[in-house]
Amino acid sequence: MAHSYLLLLLFLLVFLASTSSSRSMAQATDQETLLTIKKDWGSPLALSSWNSQNASSYCSWVGVSCNKNGQVTKLSFLNLNITNPIPASICTLKNLLYLDLSYNNLTDQFPTALYGCSALSFLDLSNNHFSGALPADIDKLSPEMEHLNLSTNGFTGSVPSAIAAFPKLKSLLLDTNSFNGTYPSSAIAKLSELETLTLATNPFAPGPIPHEFASLKKLKMLWMSEMNLTGVIPDELSSLTELTTLALYYNKLDGEIPSWVWKLQKLEILYLYANSFTGRIGPEVTAFSLQQLDLSVNWLTRPIPAAIGKMKNLTLLYLYYNDLTGPIPASIGLLPNLVDIRLFNNRLSGPLPPELGKH
């Protein structure tokens with residue numbers, strides 16, 4: 001029996017020594033890799049603190065975060081004025097989960113060097129100067145991808161269907177580019193985990209709001225302004241009950257604002273301005289979580305619903321340049337958080353609620 005215990009103890013000692021050795025080797029490898037990345041990147045001034053003299057503290061270097069084992073899991077280089085192309089050596093960090101390169105001066109086409117980052121789940125390349133079409137094989141990025149932000153660049157052409165090949169994706173941000181073709185609405189609609197979708201501010205080919213987006217039941221933000229949308233808001237989208245932001249402004253949408261929009265209990269921001277919506281607001285309004293409501297520059301008619309006065313969190317109310325009639329409900333003047341209200345260029349009548357002049 002004693003012999004068995006000795007063997008077990010010996011095994012545990014060997015295992016612990018091996019684990020410790022492997023951990024040390026992994027740390028040394030990550031140290032070396034970071035220095036290689038710096039060199040490959042042309043030794044940018046922002047990474048001047050990365051040097052072999054303080055290699056033992058590499059987990060505290062600018063932009064670097066590690067797990068408890070000393071393995072680099074996160075690189076955050078936002079707003080460091082980086083200009084040289086992204087080096088493939090970044091993907092030598094096999095535990096890298098998070099890469100933020102936003103607000104730099106990166107140029108050229110989409111960096112396919114990142115295809116080698118097999119564990120990456122967060123990638124932010126926004127606010128740079130990338131251009132050209134997205135590659136058709138962009139699905140070679142890590143299948144672990146949960147957050148993909150390519151907004152505010154100069155990408156052109158059509159968005160490839162491969163952009164939707166990441167089953168764990170929670171946020172897809174493609175707004176503020178120069179996409180002038182189409183986007184794969186049917187493929188995007190299959191991203192069942194998606195919570196944030198932004199396609200806004202792109203000169204896409206004119207077309208309707210995709211009814212297929214009704215399947216995105218977890219969607220919280222849908223931002224599709226300034227992208228040549230036509231037609232009506234489809235009733236199929238009534239299934240998007242988790243929405244907190246719905247922004248469809250500066251399009252060519254028409255018809256009535258669907259009644260279900262006014263019943264979204266979690267909706268906080270509703271921007272439908274600068275379209276050609278007609279009809280009334282409501283008739284039944286129970287979206288009392290709204291904080292900002294902008295319906296300006298449309299063709300809305302009928303009175304302002306008194307129920308808007310129950311939106312106790314409302315800070316902004318823009319209804320100007322419509323054809324609204326009747327009195328301004330007194331309850332709107334009592335909204336405790338309202339700081340900006342604009343109702344001009346309508347056909348409203350009656351006295352101004354006394355409290356309204358204080359906003």
# chains A, B, ... in the order shown; residues from 1 in each chain; ligands from 1
call {"tool": "residues_around", "arguments": {"residues": "segment 289-302 of chain A", "least_positions_apart": "2", "cutoff": "7 Å", "atoms": "only C-alpha atoms", "output": "PyMOL selection string"}}
result
chain A and resi 265-280+287+304+311+313-325
call {"tool": "residues_around", "arguments": {"residues": "segment 39-53 of chain A", "least_positions_apart": "6", "cutoff": "12 Å", "atoms": "only C-alpha atoms", "output": "ChimeraX atom specification"}}
result
/A:28,31-33,59-64,75-90,104,106
call {"tool": "select_by_dssp", "arguments": {"residues": "segment 81-315 of chain A", "states": "alpha helix (DSSP H)", "output": "PDB file with N, CA and C atoms, in the first residue's frame"}}
result
ATOM      1  N   SER A 185     -28.984  39.572 -46.702  1.00  0.00           N
ATOM      2  CA  SER A 185     -29.995  39.610 -45.641  1.00  0.00           C
ATOM      3  C   SER A 185     -30.419  38.219 -45.182  1.00  0.00           C
ATOM      4  N   SER A 186     -30.583  37.289 -46.124  1.00  0.00           N
ATOM      5  CA  SER A 186     -31.025  35.940 -45.751  1.00  0.00           C
ATOM      6  C   SER A 186     -29.993  35.228 -44.886  1.00  0.00           C
ATOM      7  N   ALA A 187     -28.708  35.434 -45.207  1.00  0.00           N
ATOM      8  CA  ALA A 187     -27.644  34.811 -44.420  1.00  0.00           C
ATOM      9  C   ALA A 187     -27.545  35.448 -43.043  1.00  0.00           C
ATOM     10  N   ILE A 188     -27.628  36.774 -42.981  1.00  0.00           N
ATOM     11  CA  ILE A 188     -27.574  37.475 -41.698  1.00  0.00           C
ATOM     12  C   ILE A 188     -28.736  37.044 -40.808  1.00  0.00           C
TER      13      ILE A 188
END
call {"tool": "closest_residue", "arguments": {"among": "A:Ala189, A:Phe179, A:Leu150, A:Asn337", "to": "Ala165 of chain A", "atoms": "only C-alpha atoms"}}
result
A:Ala189
call {"tool": "closest_residue", "arguments": {"among": "A:Thr245, A:Thr152, A:Thr92, A:Thr286", "to": "Trp260 of chain A", "atoms": "only C-alpha atoms"}}
result
A:Thr286
call {"tool": "residues_around", "arguments": {"residues": "segment 135-146 of chain A", "least_positions_apart": "5", "cutoff": "10 Å", "atoms": "only C-alpha atoms", "output": "PyMOL selection string"}}
result
chain A and resi 97-98+109-123+158-172+193-194
call {"tool": "residues_around", "arguments": {"residues": "Pro353 of chain A", "least_positions_apart": "6", "cutoff": "10 Å", "atoms": "only C-alpha atoms", "output": "JSON, numbers by chain"}}
result
{"A": [327, 328, 329, 330, 331, 332, 333, 334]}
call {"tool": "write_last_selection", "arguments": {"atoms": "C-alpha atoms", "output": "tab-separated table (two decimals), in the first residue's frame"}}
result
chain	number	residue	atom	x	y	z
A	327	PRO	CA	-53.77	70.51	-28.90
A	328	ILE	CA	-50.45	69.59	-27.32
A	329	PRO	CA	-51.32	67.17	-24.49
A	330	ALA	CA	-50.78	68.82	-21.10
A	331	SER	CA	-49.12	65.62	-19.84
A	332	ILE	CA	-46.13	66.22	-22.15
A	333	GLY	CA	-45.37	69.41	-20.26
A	334	LEU	CA	-45.03	67.40	-17.05
call {"tool": "select_by_dssp", "arguments": {"residues": "segment 79-234 of chain A", "states": "strand (DSSP E)", "output": "ChimeraX atom specification"}}
result
/A:98-100,122-124,131-133,147-149,154-157,171-173,178-179,196-198,207-208,221-223,229-231
call {"tool": "closest_residue", "arguments": {"among": "A:Ile341, A:Met227, A:Ile308, A:Leu134", "to": "Thr176 of chain A", "atoms": "only C-alpha atoms"}}
result
A:Met227
call {"tool": "closest_residue", "arguments": {"among": "A:Ser102, A:Asn251, A:Asn149, A:Ser178", "to": "Gly231 of chain A", "atoms": "only C-alpha atoms"}}
result
A:Asn251
call {"tool": "atom_distance", "arguments": {"atom1": "atom CA of Asn346 of chain A", "atom2": "atom CA of Ser259 of chain A"}}
result
22.0 Å
call {"tool": "closest_residue", "arguments": {"among": "A:Thr156, A:Leu216, A:Lys74, A:Lys38", "to": "Asn202 of chain A", "atoms": "only C-alpha atoms"}}
result
A:Thr156
call {"tool": "residues_around", "arguments": {"residues": "Leu240 of chain A", "least_positions_apart": "2", "cutoff": "7 Å", "atoms": "only C-alpha atoms", "output": "list of chain:residue names"}}
result
A:Ala214, A:Leu216, A:Lys217, A:Leu219, A:Leu237, A:Ser238, A:Glu242, A:Leu243
call {"tool": "atom_distance", "arguments": {"atom1": "atom CA of Ala205 of chain A", "atom2": "atom CA of Thr182 of chain A"}}
result
6.0 Å
